[in-house]
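Engineer: Structure file final.csv (CSV, C-alpha atoms and all ligand atoms) is given on the next line.
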chain,number,residue,atom,x,y,z
C,1,ARG,CA,139.3,76.7,158.0
C,2,SER,CA,140.0,75.8,154.4
C,3,ILE,CA,140.6,77.6,151.1
C,4,LEU,CA,137.0,76.8,150.1
C,5,ASN,CA,135.3,78.4,153.2
C,6,ALA,CA,137.6,81.2,154.3
C,7,TYR,CA,139.5,84.1,152.9
C,8,TYR,CA,143.0,83.3,154.1
C,9,ARG,CA,145.2,85.9,155.6
C,10,PHE,CA,148.5,86.6,153.9
C,11,ASP,CA,150.5,84.6,156.4
C,12,GLU,CA,148.2,81.6,155.9
C,13,ILE,CA,148.6,81.8,152.2
C,14,ASN,CA,152.4,81.7,152.4
C,15,LYS,CA,152.2,78.8,154.9
C,16,TYR,CA,149.9,77.0,152.5
C,17,LEU,CA,152.4,77.4,149.7
C,18,ASP,CA,155.2,76.2,151.9
C,19,GLU,CA,153.3,73.1,153.0
C,20,LEU,CA,152.5,72.2,149.4
C,21,SER,CA,156.2,72.5,148.4
C,22,GLN,CA,157.2,70.2,151.3
C,23,LYS,CA,154.5,67.6,150.5
C,24,TYR,CA,155.0,67.7,146.7
C,25,SER,CA,158.6,68.6,146.5
C,26,LYS,CA,159.0,67.0,143.0
C,27,ASN,CA,156.3,69.1,141.4
C,28,VAL,CA,156.2,72.3,143.5
C,29,GLN,CA,158.8,75.0,144.1
C,30,VAL,CA,158.1,78.1,146.2
C,31,GLU,CA,160.3,81.0,145.5
C,32,GLU,CA,160.7,84.3,147.4
C,33,VAL,CA,160.5,87.0,144.7
C,34,GLY,CA,160.8,90.1,146.8
C,35,LYS,CA,159.4,92.3,149.5
C,36,SER,CA,156.4,94.5,149.6
C,37,PHE,CA,156.6,98.2,150.7
C,38,GLU,CA,155.9,97.2,154.3
C,39,GLY,CA,158.4,94.3,154.1
C,40,ARG,CA,156.2,91.3,153.6
C,41,THR,CA,157.8,88.4,151.8
C,42,ILE,CA,156.2,87.9,148.4
C,43,LYS,CA,156.3,84.3,147.0
C,44,THR,CA,155.5,82.6,143.8
C,45,ILE,CA,154.7,78.9,143.4
C,46,ARG,CA,155.9,77.0,140.4
C,47,ILE,CA,153.9,73.9,139.5
C,48,SER,CA,155.1,71.3,137.0
C,49,ASN,CA,154.7,67.6,136.3
C,50,GLY,CA,158.2,67.0,137.7
C,51,GLU,CA,160.1,66.9,134.5
C,52,GLN,CA,162.9,69.5,134.4
C,53,LYS,CA,162.6,71.1,130.9
C,54,ALA,CA,164.2,74.5,130.8
C,55,ASP,CA,162.3,75.6,127.8
C,56,LYS,CA,158.8,74.4,128.6
C,57,PRO,CA,156.1,77.0,128.0
C,58,VAL,CA,154.9,78.8,131.0
C,59,ILE,CA,151.6,80.2,132.2
C,60,PHE,CA,151.7,83.1,134.7
C,61,LEU,CA,148.7,83.7,136.9
C,62,ASP,CA,148.5,86.5,139.4
C,63,ALA,CA,145.9,87.9,141.7
C,64,GLY,CA,145.3,90.5,144.4
C,65,ILE,CA,147.0,93.6,142.9
C,66,HIS,CA,143.8,95.3,144.1
C,67,ALA,CA,143.6,94.8,147.8
C,68,ARG,CA,139.9,94.5,148.3
C,69,GLU,CA,139.2,92.0,145.5
C,70,TRP,CA,139.4,89.0,147.9
C,71,ALA,CA,137.8,86.4,145.5
C,72,ALA,CA,140.9,86.8,143.3
C,73,PRO,CA,143.5,85.4,145.7
C,74,ALA,CA,141.0,82.7,146.7
C,75,THR,CA,140.7,81.6,143.1
C,76,ALA,CA,144.5,81.6,142.6
C,77,LEU,CA,144.7,79.3,145.7
C,78,TYR,CA,142.1,77.0,144.3
C,79,THR,CA,143.9,76.9,141.0
C,80,ILE,CA,147.1,76.0,142.8
C,81,GLN,CA,145.3,73.3,144.8
C,82,GLN,CA,143.7,71.7,141.7
C,83,LEU,CA,147.0,71.7,139.8
C,84,VAL,CA,148.9,70.2,142.6
C,85,GLU,CA,146.5,67.8,144.3
C,86,ASN,CA,144.4,66.9,141.3
C,87,SER,CA,147.3,66.4,139.0
C,88,THR,CA,146.0,63.3,137.3
C,89,VAL,CA,142.9,65.1,136.0
C,90,ASN,CA,145.1,68.1,135.1
C,91,SER,CA,147.9,66.1,133.4
C,92,ASP,CA,146.6,67.5,130.1
C,93,ILE,CA,147.8,70.9,131.4
C,94,LEU,CA,151.0,70.0,133.2
C,95,ASP,CA,152.3,67.7,130.5
C,96,ASN,CA,152.5,70.8,128.3
C,97,VAL,CA,153.2,73.8,130.5
C,98,ASP,CA,154.6,74.9,133.8
C,99,PHE,CA,152.5,77.2,136.0
C,100,ILE,CA,153.8,80.2,137.9
C,101,VAL,CA,151.3,81.6,140.4
C,102,LEU,CA,151.6,84.8,142.4
C,103,PRO,CA,148.5,84.7,144.6
C,104,VAL,CA,148.8,88.1,146.3
C,105,VAL,CA,150.6,90.8,144.4
C,106,ASN,CA,149.7,93.5,147.0
C,107,PRO,CA,149.9,91.9,150.4
C,108,ASP,CA,150.2,95.2,152.3
C,109,GLY,CA,146.9,96.3,150.8
C,110,TYR,CA,145.3,92.9,151.3
C,111,GLU,CA,146.2,92.8,155.0
C,112,TYR,CA,145.0,96.4,155.3
C,113,THR,CA,141.6,95.4,154.0
C,114,HIS,CA,141.4,92.7,156.7
C,115,GLU,CA,142.5,94.9,159.5
C,116,LYS,CA,141.5,98.5,158.8
C,117,GLU,CA,139.5,99.4,155.7
C,118,ARG,CA,137.7,96.7,153.8
C,119,LEU,CA,137.4,98.6,150.6
C,120,TRP,CA,141.1,99.7,150.2
C,121,ARG,CA,142.3,99.2,146.6
C,122,LYS,CA,145.8,100.5,146.3
C,123,THR,CA,149.2,99.6,147.6
C,124,ARG,CA,150.3,101.0,151.0
C,125,SER,CA,153.4,103.0,150.0
C,126,SER,CA,153.6,106.4,151.8
C,127,GLY,CA,152.5,109.5,150.1
C,128,GLU,CA,152.6,113.2,151.1
C,129,ARG,CA,148.9,113.7,151.5
C,130,CYS,CA,147.6,110.2,150.9
C,131,ASP,CA,149.1,106.7,150.9
C,132,GLY,CA,149.0,104.1,148.1
C,133,VAL,CA,149.2,103.7,144.4
C,134,ASP,CA,146.9,101.8,142.0
C,135,GLY,CA,149.1,98.9,141.0
C,136,ASN,CA,147.2,98.4,137.9
C,137,ARG,CA,148.0,102.0,136.7
C,138,ASN,CA,151.7,101.7,137.6
C,139,PHE,CA,153.0,99.7,134.6
C,140,ASP,CA,155.2,101.4,132.1
C,141,PHE,CA,153.1,101.1,129.0
C,142,HIS,CA,151.2,104.3,128.1
C,143,TRP,CA,151.7,105.0,131.8
C,144,ALA,CA,149.8,108.1,133.2
C,145,GLU,CA,147.5,108.3,130.2
C,146,VAL,CA,143.8,107.7,130.0
C,147,GLY,CA,141.8,106.4,133.0
C,148,SER,CA,144.4,107.1,135.6
C,149,SER,CA,145.1,110.0,138.0
C,150,HIS,CA,148.1,112.1,139.0
C,151,ARG,CA,146.4,113.0,142.3
C,152,GLU,CA,147.8,110.8,145.1
C,153,CYS,CA,144.5,110.6,147.0
C,154,ASP,CA,142.6,109.1,144.1
C,155,GLU,CA,141.8,105.4,143.8
C,156,ILE,CA,143.3,105.3,140.4
C,157,TYR,CA,146.5,107.2,141.3
C,158,HIS,CA,149.3,106.0,138.9
C,159,GLY,CA,152.2,106.8,141.1
C,160,LYS,CA,155.1,109.3,141.0
C,161,THR,CA,156.8,107.2,138.2
C,162,ALA,CA,156.0,104.0,136.4
C,163,PHE,CA,157.0,101.0,138.5
C,164,SER,CA,157.3,103.2,141.6
C,165,GLU,CA,155.9,100.2,143.6
C,166,PRO,CA,158.0,97.2,144.7
C,167,GLU,CA,155.0,95.0,144.0
C,168,THR,CA,154.7,96.0,140.4
C,169,GLN,CA,158.4,95.7,140.0
C,170,ILE,CA,158.1,92.1,141.1
C,171,VAL,CA,155.5,91.4,138.4
C,172,ARG,CA,157.7,93.0,135.8
C,173,GLU,CA,160.7,90.8,136.9
C,174,ILE,CA,158.6,87.6,136.6
C,175,LEU,CA,157.4,88.6,133.2
C,176,GLU,CA,161.0,89.3,132.2
C,177,LYS,CA,162.3,86.1,133.6
C,178,TYR,CA,159.8,84.1,131.5
C,179,GLU,CA,159.9,86.3,128.4
C,180,ASN,CA,159.5,84.1,125.3
C,181,ARG,CA,158.4,81.1,127.4
C,182,CYS,CA,155.3,82.7,128.8
C,183,LYS,CA,152.3,82.0,126.5
C,184,PHE,CA,149.5,83.2,128.7
C,185,TYR,CA,149.4,85.8,131.4
C,186,LEU,CA,146.1,85.8,133.4
C,187,THR,CA,145.5,88.4,136.1
C,188,LEU,CA,142.6,87.9,138.4
C,189,HIS,CA,140.4,90.8,139.6
C,190,THR,CA,136.9,91.4,140.8
C,191,TYR,CA,134.2,92.1,139.9
C,192,GLY,CA,131.7,92.1,137.1
C,193,ASN,CA,132.1,88.8,135.1
C,194,TYR,CA,134.4,90.0,132.3
C,195,LEU,CA,137.1,88.5,130.3
C,196,LEU,CA,139.1,91.4,129.1
C,197,TYR,CA,142.0,91.6,126.7
C,198,PRO,CA,144.1,94.4,125.1
C,199,TRP,CA,143.9,97.2,124.5
C,200,GLY,CA,143.0,99.0,127.7
C,201,TYR,CA,144.2,102.4,126.7
C,202,THR,CA,142.6,102.8,123.2
C,203,SER,CA,139.5,101.5,121.5
C,204,ASP,CA,141.7,100.2,118.7
C,205,LEU,CA,142.0,96.5,118.3
C,206,PRO,CA,145.3,94.6,118.5
C,207,GLU,CA,146.4,92.7,115.4
C,208,THR,CA,145.9,89.4,117.1
C,209,VAL,CA,142.4,90.2,118.4
C,210,ALA,CA,141.1,86.9,116.9
C,211,ASP,CA,143.5,84.8,119.1
C,212,LEU,CA,142.7,86.8,122.3
C,213,ASP,CA,139.0,86.5,121.6
C,214,GLU,CA,139.1,82.8,120.8
C,215,VAL,CA,140.8,82.0,124.2
C,216,SER,CA,138.5,84.3,126.2
C,217,GLN,CA,135.4,82.9,124.5
C,218,ALA,CA,136.5,79.4,125.4
C,219,GLY,CA,136.6,80.4,129.0
C,220,ALA,CA,133.2,82.2,128.9
C,221,ALA,CA,131.6,79.2,127.1
C,222,ALA,CA,133.0,76.7,129.7
C,223,ILE,CA,131.6,78.7,132.6
C,224,ARG,CA,128.3,79.2,130.9
C,225,LYS,CA,128.0,75.5,130.3
C,226,ALA,CA,129.0,74.6,133.9
C,227,THR,CA,126.9,77.0,135.9
C,228,GLY,CA,125.0,79.3,133.6
C,229,THR,CA,127.0,82.3,134.7
C,230,LYS,CA,127.5,84.8,131.8
C,231,TYR,CA,130.8,86.5,131.2
C,232,GLN,CA,131.2,89.4,128.8
C,233,VAL,CA,134.2,89.2,126.5
C,234,GLY,CA,136.1,91.9,124.7
C,235,THR,CA,138.8,94.5,124.9
C,236,SER,CA,139.1,96.3,128.2
C,237,THR,CA,138.4,99.7,126.6
C,238,ASN,CA,135.4,98.5,124.6
C,239,VAL,CA,133.6,96.5,127.2
C,240,LEU,CA,134.6,98.2,130.4
C,241,TYR,CA,136.5,101.5,130.2
C,242,ALA,CA,139.9,102.9,129.1
C,243,ALA,CA,142.6,102.7,131.7
C,244,ALA,CA,146.3,102.8,130.8
C,245,GLY,CA,149.2,101.4,132.8
C,246,GLY,CA,147.7,98.0,133.5
C,247,SER,CA,149.8,94.8,133.9
C,248,ASP,CA,147.8,93.0,131.2
C,249,ASN,CA,148.7,95.5,128.4
C,250,TYR,CA,152.3,95.7,129.6
C,251,ALA,CA,152.8,91.9,129.4
C,252,PHE,CA,151.2,91.8,126.0
C,253,ALA,CA,153.0,94.7,124.5
C,254,VAL,CA,156.4,94.8,126.2
C,255,ASN,CA,157.0,91.1,127.0
C,256,LYS,CA,155.2,89.9,123.9
C,257,VAL,CA,153.0,87.4,125.9
C,258,PRO,CA,150.7,86.3,123.1
C,259,ILE,CA,147.6,85.8,125.3
C,260,SER,CA,147.1,88.3,128.1
C,261,ILE,CA,143.7,88.5,129.9
C,262,THR,CA,142.2,90.2,132.9
C,263,MET,CA,139.4,88.0,134.5
C,264,GLU,CA,136.9,90.0,136.5
C,265,LEU,CA,135.3,87.4,138.8
C,266,PRO,CA,131.8,87.6,140.1
C,267,GLY,CA,130.9,90.1,142.8
C,268,GLY,CA,128.9,89.6,145.9
C,269,GLY,CA,128.1,91.0,149.4
C,270,THR,CA,127.2,94.6,150.1
C,271,SER,CA,129.9,96.3,148.1
C,272,GLY,CA,130.4,93.7,145.4
C,273,PHE,CA,133.9,93.1,146.7
C,274,ASN,CA,132.9,91.0,149.7
C,275,PRO,CA,131.1,87.8,148.8
C,276,PRO,CA,130.4,86.0,152.1
C,277,PRO,CA,132.7,83.0,152.8
C,278,SER,CA,129.8,80.7,152.0
C,279,LYS,CA,130.1,81.8,148.4
C,280,ILE,CA,133.8,81.1,148.0
C,281,GLU,CA,133.4,77.5,146.9
C,282,HIS,CA,131.0,78.4,144.1
C,283,ILE,CA,133.1,81.3,142.8
C,284,VAL,CA,136.4,79.5,142.8
C,285,THR,CA,135.2,76.2,141.3
C,286,GLU,CA,133.2,78.0,138.6
C,287,SER,CA,136.2,80.3,137.8
C,288,TRP,CA,138.6,77.3,137.7
C,289,THR,CA,136.4,75.8,135.0
C,290,GLY,CA,136.9,78.9,132.9
C,291,ILE,CA,140.6,79.1,133.6
C,292,ARG,CA,141.1,75.5,132.7
C,293,ALA,CA,139.3,75.9,129.4
C,294,MET,CA,141.4,79.0,128.5
C,295,VAL,CA,144.6,77.2,129.4
C,296,LEU,CA,143.7,74.2,127.3
C,297,LYS,CA,142.9,76.5,124.4
C,298,VAL,CA,146.3,78.2,124.8
C,299,ILE,CA,148.0,74.8,124.8
C,300,GLU,CA,146.2,73.8,121.6
C,301,LYS,CA,147.2,77.1,119.9
C,302,TYR,CA,150.8,77.6,121.0
C,401,LIG,O1,140.4,99.1,136.5
C,401,LIG,C1,141.1,98.1,136.6
C,401,LIG,O2,142.3,98.1,136.9
C,401,LIG,C2,140.4,96.7,136.3
C,401,LIG,N1,139.1,96.7,136.9
C,401,LIG,S1,138.9,96.7,138.5
C,401,LIG,O3,137.5,96.9,138.8
C,401,LIG,N2,139.3,95.3,139.1
C,401,LIG,O4,139.8,97.7,139.1
C,401,LIG,C3,140.3,96.5,134.8
C,401,LIG,C4,141.6,96.5,134.1
C,401,LIG,C5,141.5,96.1,132.7
C,401,LIG,N3,142.8,96.3,132.0
C,401,LIG,C6,143.3,97.5,131.5
C,401,LIG,N4,142.5,98.5,131.5
C,401,LIG,N5,144.5,97.5,131.1
C,402,ZN,ZN,141.0,95.0,140.2
Taking this structure as input, can you express it in the form of structure tokens?
Structural biologist:
Amino acid sequence: RSILNAYYRFDEINKYLDELSQKYSKNVQVEEVGKSFEGRTIKTIRISNGEQKADKPVIFLDAGIHAREWAAPATALYTIQQLVENSTVNSDILDNVDFIVLPVVNPDGYEYTHEKERLWRKTRSSGERCDGVDGNRNFDFHWAEVGSSHRECDEIYHGKTAFSEPETQIVREILEKYENRCKFYLTLHTYGNYLLYPWGYTSDLPETVADLDEVSQAGAAAIRKATGTKYQVGTSTNVLYAAAGGSDNYAFAVNKVPISITMELPGGGTSGFNPPPSKIEHIVTESWTGIRAMVLKVIEKY
């Protein structure tokens, strides 16, 4: 079992992070950032080149806010592995920025998709009639507006209040902690091969659309060149649909992260959300090519 041929369970993921931090203690720090609704310990991993510079720019990558989107945590793990174990090749990145990775935002949901219901999307917080909140509708920016639901049984239920979920509070806290330092927030989802940037609640374009587009296009071009896979690039609203309360728009608008992108990885399997394990290696290596290109473009620009 390896990160290239299996979808790790949440405990295995945490163990993997801890092992890396022991083996590469100079470059890797694992931090407990809070607990999920069901009490699972949520960890981030910070990857640097070992120099302790308090004001170095930061890139924040997260995955797995939607439980069933298994290729997303797998890609986060591959990103971690490349940055840590292939650090010579990636010194062009780590000489310039520190990486913070939160590989599974929603571990309760993730484990639930392994144990009970493969296509569960939401968190696992208790409701009156139905459980769970769509984490990517729970952020406090245009919360409860377009493309989200006030009905707790719906897949896109935005929650009783903004940040009702401990898991989205954790993402908010990380964004706050690295405010000003964070130049790039990338959130991994599946599926459909999209690189999406704000806005996600209106078809209007942000003022800095040219910067967002330049970084996203760099990612799409690198992937196209490497494997031929095509990604569609544009604002969430204009290329996918309008949906308010997402983490990407919150980071961009509230924490002023200049580049904030949702990457919708390739689909596979019967539902689109379950590419067989044999496909993991192709998906994660291809995706890393795009992530690397976007990161280098951000470094060049900021
Ligand atoms: O609907 C979502 O949350 C994302 N798509 S998914 O199929 N993975 O559920 C897209 C989110 C794009 N960003 C915003 N609308 N803010
Ligand atoms: Zn998603």
Engineer: Could you tell me, counting all atoms listed in the file, which protein and nucleic acid residues lie no more than 8 Å from ligand ZN 402 (chain C), written as a list in words?
Structural biologist: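 Sorted by chain and then by number, the residues are Gly64, Ile65, His66, Glu69, Arg121, Asn136, Leu188, His189, Thr190, Tyr191 and Glu264 of chain C.
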Engineer: Which of these residues is nearest to Gly192 of chain C, using all atoms listed in the file: C:Glu155, C:Asn96, C:Val239, C:Val146?
Structural biologist: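 Counting all atoms listed in the file, the residue closest to Gly192 of chain C is C:Val239.
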Engineer: Sort by chain and increasing residue number a table of all residues of chain C within 7 Å of ligand LIG 401 (chain C), each with its closest pair of atoms and their distance in Å to one decimal, counting only C-alpha atoms and all ligand atoms, and write it as CSV.
Structural biologist:
residue,atom,partner,partner_atom,distance
C:His66,CA,C:LIG401,N2,6.7
C:Asn136,CA,C:LIG401,O2,5.0
C:Arg137,CA,C:LIG401,O2,6.9
C:His189,CA,C:LIG401,N2,4.7
C:Thr190,CA,C:LIG401,N2,4.9
C:Tyr191,CA,C:LIG401,O3,5.9
C:Leu196,CA,C:LIG401,C5,6.4
C:Pro198,CA,C:LIG401,N5,6.8
C:Trp199,CA,C:LIG401,N5,6.6
C:Gly200,CA,C:LIG401,N4,3.9
C:Tyr201,CA,C:LIG401,N4,6.4
C:Ser236,CA,C:LIG401,C5,5.1
C:Thr237,CA,C:LIG401,N4,6.5
C:Tyr241,CA,C:LIG401,N4,6.8
C:Ala242,CA,C:LIG401,N4,5.6
C:Ala243,CA,C:LIG401,N4,4.2
C:Ala244,CA,C:LIG401,N5,5.6
C:Gly245,CA,C:LIG401,N5,6.3
C:Gly246,CA,C:LIG401,N5,4.0
C:Ser247,CA,C:LIG401,N5,6.6
C:Asp248,CA,C:LIG401,N5,5.6
C:Asn249,CA,C:LIG401,N5,5.4
C:Thr262,CA,C:LIG401,C5,5.9
C:Glu264,CA,C:LIG401,N2,6.4
Engineer: Compile the contact shell of segment 19-23 of chain C as a PDB file with C-alpha atoms, in the coordinates of the input: residues with an atom at most 12 Å away, counting all atoms listed in the file, same-chain residues fewer than 3 positions apart removed.
Structural biologist:
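Here's the written file selection.pdb:
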ATOM      1  CA  GLU C  12     148.200  81.600 155.900  1.00  0.00           C
ATOM      2  CA  ILE C  13     148.600  81.800 152.200  1.00  0.00           C
ATOM      3  CA  ASN C  14     152.400  81.700 152.400  1.00  0.00           C
ATOM      4  CA  LYS C  15     152.200  78.800 154.900  1.00  0.00           C
ATOM      5  CA  TYR C  16     149.900  77.000 152.500  1.00  0.00           C
ATOM      6  CA  LYS C  26     159.000  67.000 143.000  1.00  0.00           C
ATOM      7  CA  ASN C  27     156.300  69.100 141.400  1.00  0.00           C
ATOM      8  CA  VAL C  28     156.200  72.300 143.500  1.00  0.00           C
ATOM      9  CA  GLN C  29     158.800  75.000 144.100  1.00  0.00           C
ATOM     10  CA  VAL C  30     158.100  78.100 146.200  1.00  0.00           C
ATOM     11  CA  GLU C  31     160.300  81.000 145.500  1.00  0.00           C
ATOM     12  CA  LYS C  43     156.300  84.300 147.000  1.00  0.00           C
ATOM     13  CA  THR C  44     155.500  82.600 143.800  1.00  0.00           C
ATOM     14  CA  ILE C  45     154.700  78.900 143.400  1.00  0.00           C
ATOM     15  CA  ARG C  46     155.900  77.000 140.400  1.00  0.00           C
ATOM     16  CA  ILE C  47     153.900  73.900 139.500  1.00  0.00           C
ATOM     17  CA  SER C  48     155.100  71.300 137.000  1.00  0.00           C
ATOM     18  CA  LEU C  77     144.700  79.300 145.700  1.00  0.00           C
ATOM     19  CA  ILE C  80     147.100  76.000 142.800  1.00  0.00           C
ATOM     20  CA  GLN C  81     145.300  73.300 144.800  1.00  0.00           C
ATOM     21  CA  GLN C  82     143.700  71.700 141.700  1.00  0.00           C
ATOM     22  CA  LEU C  83     147.000  71.700 139.800  1.00  0.00           C
ATOM     23  CA  VAL C  84     148.900  70.200 142.600  1.00  0.00           C
ATOM     24  CA  GLU C  85     146.500  67.800 144.300  1.00  0.00           C
TER      25      GLU C  85
END
Engineer: Neighbours of Val254 of chain C within 8 Å (only C-alpha atoms; same-chain residues fewer than 3 positions away dropped), as a PyMOL selection string?
Structural biologist: chain C and resi 141+250-251
Engineer: What does the structure give for the distance between atom CA of Val257 of chain C and atom CA of Glu207 of chain C, in Å to one decimal?
Structural biologist: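 For atom CA of Val257 of chain C relative to atom CA of Glu207 of chain C, the distance reads 13.5 Å.
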Engineer: Given all atoms listed in the file as the basis, pick out the residue of C:Asp213, C:Asp140, C:Asp62, C:Glu300 nearest to Thr187 of chain C.
Structural biologist: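 Closest to Thr187 of chain C, using all atoms listed in the file: C:Asp62.
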Engineer: For each of C:Gln232, C:Thr289, C:Thr113, C:Ser278, take the minimum atom-to-atom distance to Ile3 of chain C, counting only C-alpha atoms, then give the residue where this is smallest.
Structural biologist: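 Checking each of C:Gln232, C:Thr289, C:Thr113, C:Ser278 against Ile3 of chain C, counting only C-alpha atoms, the winner is C:Ser278.
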Engineer: Given the choices C:Leu119, C:Ile93, C:Tyr110, C:Gly290, which gets closest to Arg224 of chain C if the distance is worked out from only C-alpha atoms?
Structural biologist: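 Once distances to Arg224 of chain C are computed over only C-alpha atoms, the minimum belongs to C:Gly290.
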Engineer: Counting all atoms listed in the file, figure out which residue out of C:Asp211, C:Gly268, C:Ile261, C:Leu61 gets nearest to Pro103 of chain C.
Structural biologist: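 Checking each of C:Asp211, C:Gly268, C:Ile261, C:Leu61 against Pro103 of chain C, counting all atoms listed in the file, the winner is C:Leu61.
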Engineer: What's the separation between atom CA of Trp288 of chain C and atom CA of Thr75 of chain C, in Å to one decimal place?
Structural biologist: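 Distance reported for this atom pair: 7.2 Å.
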Engineer: Counting all atoms listed in the file, figure out which residue out of C:Glu286, C:Asp18, C:Glu214, C:Asp131 gets nearest to Lys160 of chain C.
Structural biologist: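 Checking each of C:Glu286, C:Asp18, C:Glu214, C:Asp131 against Lys160 of chain C, counting all atoms listed in the file, the winner is C:Asp131.
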Engineer: Starting from the sparse input, extend segment 274-292 of chain C to N, CA and C atoms and give the output as a JSON list (two decimals), keeping the file's coordinate frame.
Structural biologist:
[["chain", "number", "residue", "atom", "x", "y", "z"],
["C", 274, "ASN", "N", 132.84, 91.90, 148.51],
["C", 274, "ASN", "CA", 132.90, 91.00, 149.70],
["C", 274, "ASN", "C", 131.81, 89.91, 149.65],
["C", 275, "PRO", "N", 131.92, 89.00, 148.69],
["C", 275, "PRO", "CA", 131.10, 87.80, 148.80],
["C", 275, "PRO", "C", 131.29, 87.11, 150.08],
["C", 276, "PRO", "N", 130.24, 86.69, 150.78],
["C", 276, "PRO", "CA", 130.40, 86.00, 152.10],
["C", 276, "PRO", "C", 131.23, 84.72, 151.85],
["C", 277, "PRO", "N", 131.94, 84.27, 152.89],
["C", 277, "PRO", "CA", 132.70, 83.00, 152.80],
["C", 277, "PRO", "C", 131.93, 81.86, 152.22],
["C", 278, "SER", "N", 130.63, 81.84, 152.50],
["C", 278, "SER", "CA", 129.80, 80.70, 152.00],
["C", 278, "SER", "C", 129.76, 80.70, 150.46],
["C", 279, "LYS", "N", 130.11, 81.79, 149.83],
["C", 279, "LYS", "CA", 130.10, 81.80, 148.40],
["C", 279, "LYS", "C", 131.43, 81.49, 147.70],
["C", 280, "ILE", "N", 132.47, 81.36, 148.53],
["C", 280, "ILE", "CA", 133.80, 81.10, 148.00],
["C", 280, "ILE", "C", 133.84, 79.91, 147.07],
["C", 281, "GLU", "N", 133.29, 78.81, 147.60],
["C", 281, "GLU", "CA", 133.40, 77.50, 146.90],
["C", 281, "GLU", "C", 132.79, 77.65, 145.49],
["C", 282, "HIS", "N", 131.61, 78.25, 145.40],
["C", 282, "HIS", "CA", 131.00, 78.40, 144.10],
["C", 282, "HIS", "C", 131.80, 79.23, 143.16],
["C", 283, "ILE", "N", 132.29, 80.36, 143.67],
["C", 283, "ILE", "CA", 133.10, 81.30, 142.80],
["C", 283, "ILE", "C", 134.35, 80.61, 142.31],
["C", 284, "VAL", "N", 135.09, 79.99, 143.22],
["C", 284, "VAL", "CA", 136.40, 79.50, 142.80],
["C", 284, "VAL", "C", 136.28, 78.25, 141.90],
["C", 285, "THR", "N", 135.30, 77.41, 142.15],
["C", 285, "THR", "CA", 135.20, 76.20, 141.30],
["C", 285, "THR", "C", 134.69, 76.62, 139.90],
["C", 286, "GLU", "N", 133.73, 77.50, 139.86],
["C", 286, "GLU", "CA", 133.20, 78.00, 138.60],
["C", 286, "GLU", "C", 134.39, 78.69, 137.80],
["C", 287, "SER", "N", 135.14, 79.52, 138.50],
["C", 287, "SER", "CA", 136.20, 80.30, 137.80],
["C", 287, "SER", "C", 137.29, 79.33, 137.31],
["C", 288, "TRP", "N", 137.60, 78.31, 138.10],
["C", 288, "TRP", "CA", 138.60, 77.30, 137.70],
["C", 288, "TRP", "C", 138.17, 76.64, 136.36],
["C", 289, "THR", "N", 136.88, 76.36, 136.23],
["C", 289, "THR", "CA", 136.40, 75.80, 135.00],
["C", 289, "THR", "C", 136.74, 76.66, 133.80],
["C", 290, "GLY", "N", 136.57, 77.95, 133.95],
["C", 290, "GLY", "CA", 136.90, 78.90, 132.90],
["C", 290, "GLY", "C", 138.39, 78.99, 132.65],
["C", 291, "ILE", "N", 139.16, 79.03, 133.73],
["C", 291, "ILE", "CA", 140.60, 79.10, 133.60],
["C", 291, "ILE", "C", 141.15, 77.89, 132.90],
["C", 292, "ARG", "N", 140.66, 76.73, 133.32],
["C", 292, "ARG", "CA", 141.10, 75.50, 132.70],
["C", 292, "ARG", "C", 140.83, 75.46, 131.20]]
